[in-house]
>>> print(open('protein_39.tsv').read())   # TSV, C-alpha atoms and all ligand atoms
chain	number	residue	atom	x	y	z
A	287	MET	CA	12.52	11.32	5.66
A	288	ASN	CA	13.03	8.59	8.27
A	289	ALA	CA	15.94	6.16	7.97
A	290	LEU	CA	15.27	3.49	5.37
A	291	LEU	CA	15.90	0.78	7.96
A	292	THR	CA	16.87	0.92	11.61
A	293	GLU	CA	20.26	-0.47	12.58
A	294	THR	CA	18.50	-3.50	14.07
A	295	GLN	CA	16.49	-4.15	10.91
A	296	LEU	CA	19.57	-3.74	8.77
A	297	GLU	CA	21.47	-6.28	10.82
A	298	GLU	CA	18.53	-8.72	10.85
A	299	PHE	CA	18.05	-8.55	7.09
A	300	ARG	CA	21.76	-8.96	6.43
A	301	THR	CA	21.88	-12.01	8.74
A	302	ARG	CA	18.77	-13.59	7.21
A	303	ALA	CA	19.99	-12.96	3.66
A	304	ALA	CA	23.36	-14.57	4.43
A	305	GLU	CA	21.62	-17.69	5.78
A	306	MET	CA	19.20	-18.17	2.88
A	307	PRO	CA	19.92	-20.12	-0.30
A	308	HIS	CA	17.78	-17.62	-2.23
A	309	PRO	CA	18.00	-14.22	-0.51
A	310	ARG	CA	15.80	-12.65	-3.18
A	311	GLU	CA	12.84	-14.27	-1.37
A	312	LEU	CA	13.25	-11.47	1.17
A	313	VAL	CA	12.69	-8.70	-1.31
A	314	ILE	CA	9.05	-8.00	-0.43
A	315	ASP	CA	9.71	-8.16	3.33
A	316	LEU	CA	12.58	-5.77	2.87
A	317	LEU	CA	10.67	-3.32	0.70
A	318	ARG	CA	7.73	-3.39	3.10
A	319	ALA	CA	10.02	-2.65	6.04
A	320	ILE	CA	11.44	0.35	4.17
A	321	GLN	CA	7.93	1.45	3.24
A	322	ASN	CA	6.71	1.18	6.82
A	323	ASN	CA	9.58	3.40	7.93
A	324	CYS	CA	9.37	5.99	5.14
A	325	GLY	CA	5.79	5.77	3.90
A	326	TRP	CA	7.03	4.72	0.44
A	327	VAL	CA	10.12	3.23	-1.21
A	328	PRO	CA	12.52	5.83	-2.61
A	329	ASP	CA	15.30	4.97	-5.09
A	330	GLU	CA	17.76	4.72	-2.20
A	331	GLY	CA	15.54	1.99	-0.71
A	332	VAL	CA	15.65	-0.02	-3.93
A	333	GLU	CA	19.42	0.33	-4.01
A	334	LEU	CA	19.75	-0.70	-0.37
A	335	ALA	CA	17.52	-3.75	-0.88
A	336	GLY	CA	19.62	-4.78	-3.86
A	337	GLU	CA	22.84	-4.38	-1.93
A	338	ILE	CA	21.55	-6.51	0.99
A	339	LEU	CA	20.16	-9.24	-1.26
A	340	GLY	CA	22.87	-9.32	-3.89
A	341	LEU	CA	20.50	-8.10	-6.62
A	342	SER	CA	20.78	-5.26	-9.08
A	343	PRO	CA	18.48	-2.25	-8.56
A	344	VAL	CA	16.67	-3.28	-11.75
A	345	GLN	CA	15.91	-6.74	-10.31
A	346	VAL	CA	14.48	-5.15	-7.16
A	347	GLU	CA	12.57	-2.62	-9.23
A	348	GLU	CA	10.93	-5.40	-11.23
A	349	VAL	CA	9.38	-6.79	-8.04
A	350	ALA	CA	8.56	-3.36	-6.61
A	351	THR	CA	6.65	-2.28	-9.69
A	352	PHE	CA	4.85	-5.62	-10.10
A	353	TYR	CA	3.49	-5.61	-6.55
A	354	ASP	CA	0.88	-2.86	-6.31
A	355	LYS	CA	1.10	-2.51	-2.53
A	356	ILE	CA	4.68	-1.25	-2.80
A	357	PHE	CA	4.71	2.48	-3.47
A	358	ARG	CA	7.53	3.99	-5.52
A	359	GLN	CA	6.17	7.50	-5.11
A	360	PRO	CA	5.05	9.34	-1.99
A	361	VAL	CA	1.49	8.46	-0.95
A	362	GLY	CA	-0.93	9.58	1.74
A	363	ARG	CA	-0.98	8.04	5.19
A	364	ARG	CA	-3.84	5.80	4.11
A	365	VAL	CA	-3.92	4.25	0.64
A	366	ILE	CA	-7.37	3.24	-0.55
A	367	HIS	CA	-7.20	0.33	-2.99
A	368	VAL	CA	-10.51	0.10	-4.82
A	369	CYS	CA	-11.23	-3.23	-6.48
A	370	ASP	CA	-11.96	-2.92	-10.19
A	371	SER	CA	-12.29	-6.64	-10.98
A	372	ILE	CA	-15.39	-8.28	-12.36
A	373	CYS	CA	-17.53	-9.02	-9.26
A	374	CYS	CA	-17.05	-5.55	-7.86
A	375	TRP	CA	-17.48	-3.93	-11.25
A	376	SER	CA	-20.81	-5.76	-11.73
A	377	ARG	CA	-22.02	-4.73	-8.29
A	378	GLY	CA	-21.44	-0.99	-8.39
A	379	GLY	CA	-17.65	-0.78	-8.16
A	380	GLU	CA	-17.51	2.06	-10.66
A	381	GLN	CA	-20.00	4.07	-8.64
A	382	VAL	CA	-17.96	3.42	-5.49
A	383	TYR	CA	-14.81	4.60	-7.24
A	384	GLY	CA	-16.63	7.66	-8.57
A	385	TYR	CA	-18.04	8.49	-5.15
A	386	LEU	CA	-14.63	8.22	-3.51
A	387	GLN	CA	-13.14	10.57	-6.11
A	388	GLU	CA	-15.96	13.05	-5.57
A	389	LYS	CA	-15.88	12.80	-1.78
A	390	LEU	CA	-12.08	13.13	-1.53
A	391	GLY	CA	-11.74	15.63	-4.40
A	392	ILE	CA	-9.00	13.63	-6.12
A	393	VAL	CA	-8.53	11.61	-9.28
A	394	PRO	CA	-7.20	8.01	-9.36
A	395	GLY	CA	-3.58	8.05	-8.26
A	396	GLY	CA	-4.10	11.34	-6.43
A	397	THR	CA	-3.58	12.26	-2.79
A	398	THR	CA	-5.80	14.56	-0.74
A	399	ALA	CA	-4.41	18.01	0.07
A	400	ASP	CA	-4.13	17.08	3.76
A	401	GLY	CA	-1.89	14.14	2.82
A	402	ILE	CA	-4.17	11.55	4.39
A	403	PHE	CA	-5.70	9.56	1.52
A	404	THR	CA	-4.35	8.26	-1.78
A	405	LEU	CA	-6.74	6.52	-4.15
A	406	LEU	CA	-5.66	3.63	-6.35
A	407	PRO	CA	-7.39	0.87	-8.33
A	408	THR	CA	-6.48	-2.73	-7.63
A	409	CYS	CA	-7.39	-6.18	-8.85
A	410	CYS	CA	-9.55	-8.66	-6.92
A	411	LEU	CA	-9.11	-8.42	-3.15
A	412	GLY	CA	-10.58	-11.86	-2.54
A	413	ALA	CA	-13.74	-10.36	-1.05
A	414	CYS	CA	-15.98	-11.04	-4.06
A	415	GLY	CA	-18.81	-12.28	-1.84
A	416	GLU	CA	-18.95	-8.80	-0.30
A	417	ALA	CA	-18.52	-6.83	-3.52
A	418	PRO	CA	-18.04	-3.95	-4.03
A	419	ALA	CA	-14.92	-3.87	-1.89
A	420	MET	CA	-11.86	-1.79	-1.10
A	421	MET	CA	-8.82	-2.18	1.09
A	422	ILE	CA	-7.16	0.40	3.33
A	423	GLY	CA	-3.94	-0.66	5.02
A	424	LEU	CA	-4.46	-4.30	5.93
A	425	THR	CA	-8.24	-4.03	6.28
A	426	THR	CA	-10.67	-5.05	3.56
A	427	TYR	CA	-14.07	-3.36	3.55
A	428	GLY	CA	-16.97	-4.86	1.61
A	429	ASP	CA	-20.64	-4.25	0.88
A	430	LEU	CA	-19.79	-0.62	0.25
A	431	THR	CA	-22.49	2.02	0.12
A	432	LYS	CA	-22.09	5.80	0.28
A	433	GLU	CA	-23.04	5.76	3.96
A	434	ARG	CA	-20.59	3.01	4.76
A	435	ILE	CA	-17.82	4.75	2.82
A	436	ASN	CA	-18.47	7.96	4.79
A	437	GLU	CA	-18.15	6.06	8.07
A	438	ILE	CA	-14.99	4.24	6.98
A	439	LEU	CA	-13.30	7.43	5.77
A	440	ALA	CA	-14.10	9.22	9.04
A	441	GLN	CA	-12.73	6.31	11.04
A	442	GLU	CA	-9.59	5.96	8.91
A	443	ARG	CA	-8.98	9.72	8.97
A	444	GLN	CA	-9.15	9.72	12.74
A	445	ALA	CA	-6.78	6.74	12.96
A	446	ALA	CA	-4.35	8.40	10.53
A	447	LEU	CA	-4.24	11.50	12.71
A	448	SER	CA	-3.65	9.56	15.92
A	449	PRO	CA	-0.08	9.36	17.23
A	450	LEU	CA	-0.05	5.56	16.85
A	451	PRO	CA	2.33	4.01	14.29
A	452	ARG	CA	1.48	4.24	10.61
A	453	GLY	CA	-0.81	1.52	9.21
A	454	GLU	CA	0.73	-0.70	6.54
A	455	GLY	CA	0.12	0.62	3.06
B	501	LIG	S1	-13.83	-8.83	-7.69
B	501	LIG	FE1	-13.65	-7.32	-6.12
B	501	LIG	S2	-13.05	-8.46	-4.40
B	501	LIG	FE2	-13.09	-9.93	-5.99
>>> encode(input="protein_39.tsv", output="structure tokens", more="lines below")
Ligand code: FES
Amino acid sequence: MNALLTETQLEEFRTRAAEMPHPRELVIDLLRAIQNNCGWVPDEGVELAGEILGLSPVQVEEVATFYDKIFRQPVGRRVIHVCDSICCWSRGGEQVYGYLQEKLGIVPGGTTADGIFTLLPTCCLGACGEAPAMMIGLTTYGDLTKERINEILAQERQAALSPLPRGEG
């Protein structure tokens, strides 16, 4: 596993936390930095975040488990968040979710054998006008059809296998 934070990041977060009246506001930034380095946030990451911000591990955990883009278990290189809120549901979201499970050969919460994709449900992505929608990394994809999903998965698989830095979860 990579270092939770680089020396530079550690110093920056410690400096910022010391200057802020409410250092806990940094908790998401800190967890995301750890996640970008490691692919997910292990227990040691929660403990480190707490130590930097003056919070208990339980206080950090409360945020980490509330925010569904922070992963407390190992995930694939690309996490597919499929919207299961009302607009998407009423416009074929369930079929999209079913197709993704069939195509990737995994159940919700699962990761493909090659370690590339993890599939998770999520609430509204703010792309209701393009429902059904899903998000991979920082990109939201709407108007999903089987053909479009096939194209997106091929493109994301290729990007995941490239030597460029990991996309944000
Ligand atoms: S309901 Fe799916 S993006 Fe809003």
>>> residues_around(input="protein_39.tsv", residues="region 349-354 of chain A", least_positions_apart="3", cutoff="12 Å", atoms="all atoms listed in the file", output="ChimeraX atom specification")
/A:310-318,320-321,326-329,331-333,335-336,341-346,357-359,365-368,395,406-411,455
>>> residues_around(input="protein_39.tsv", residues="Lys389 (chain A)", least_positions_apart="6", cutoff="12 Å", atoms="all atoms listed in the file", output="count of residues only")
12
>>> residues_near_ligand(input="protein_39.tsv", ligand="ligand LIG 501 (chain B)", cutoff="8 Å", atoms="all atoms listed in the file", output="mmCIF file with C-alpha atoms, keeping the file's coordinate frame")
data_model
loop_
_atom_site.group_PDB
_atom_site.id
_atom_site.type_symbol
_atom_site.label_atom_id
_atom_site.label_comp_id
_atom_site.auth_asym_id
_atom_site.auth_seq_id
_atom_site.Cartn_x
_atom_site.Cartn_y
_atom_site.Cartn_z
ATOM 1 C CA CYS A 369 -11.230 -3.230 -6.480
ATOM 2 C CA ASP A 370 -11.960 -2.920 -10.190
ATOM 3 C CA SER A 371 -12.290 -6.640 -10.980
ATOM 4 C CA ILE A 372 -15.390 -8.280 -12.360
ATOM 5 C CA CYS A 373 -17.530 -9.020 -9.260
ATOM 6 C CA CYS A 374 -17.050 -5.550 -7.860
ATOM 7 C CA TRP A 375 -17.480 -3.930 -11.250
ATOM 8 C CA GLY A 379 -17.650 -0.780 -8.160
ATOM 9 C CA CYS A 409 -7.390 -6.180 -8.850
ATOM 10 C CA CYS A 410 -9.550 -8.660 -6.920
ATOM 11 C CA LEU A 411 -9.110 -8.420 -3.150
ATOM 12 C CA GLY A 412 -10.580 -11.860 -2.540
ATOM 13 C CA ALA A 413 -13.740 -10.360 -1.050
ATOM 14 C CA CYS A 414 -15.980 -11.040 -4.060
ATOM 15 C CA GLY A 415 -18.810 -12.280 -1.840
ATOM 16 C CA GLU A 416 -18.950 -8.800 -0.300
ATOM 17 C CA ALA A 417 -18.520 -6.830 -3.520
ATOM 18 C CA PRO A 418 -18.040 -3.950 -4.030
ATOM 19 C CA ALA A 419 -14.920 -3.870 -1.890
ATOM 20 C CA MET A 420 -11.860 -1.790 -1.100
#
>>> closest_residue(input="protein_39.tsv", among="A:Glu297, A:Asp400, A:Glu388, A:Glu437", to="Arg364 (chain A)", atoms="only C-alpha atoms")
A:Asp400
>>> atom_distance(input="protein_39.tsv", atom1="CA of Ala303 (chain A)", atom2="CA of Leu339 (chain A)")
6.2 Å
>>> atom_distance(input="protein_39.tsv", atom1="CA of Asp429 (chain A)", atom2="CA of Glu442 (chain A)")
17.1 Å
>>> atom_distance(input="protein_39.tsv", atom1="CA of Glu298 (chain A)", atom2="CA of Gly423 (chain A)")
24.6 Å
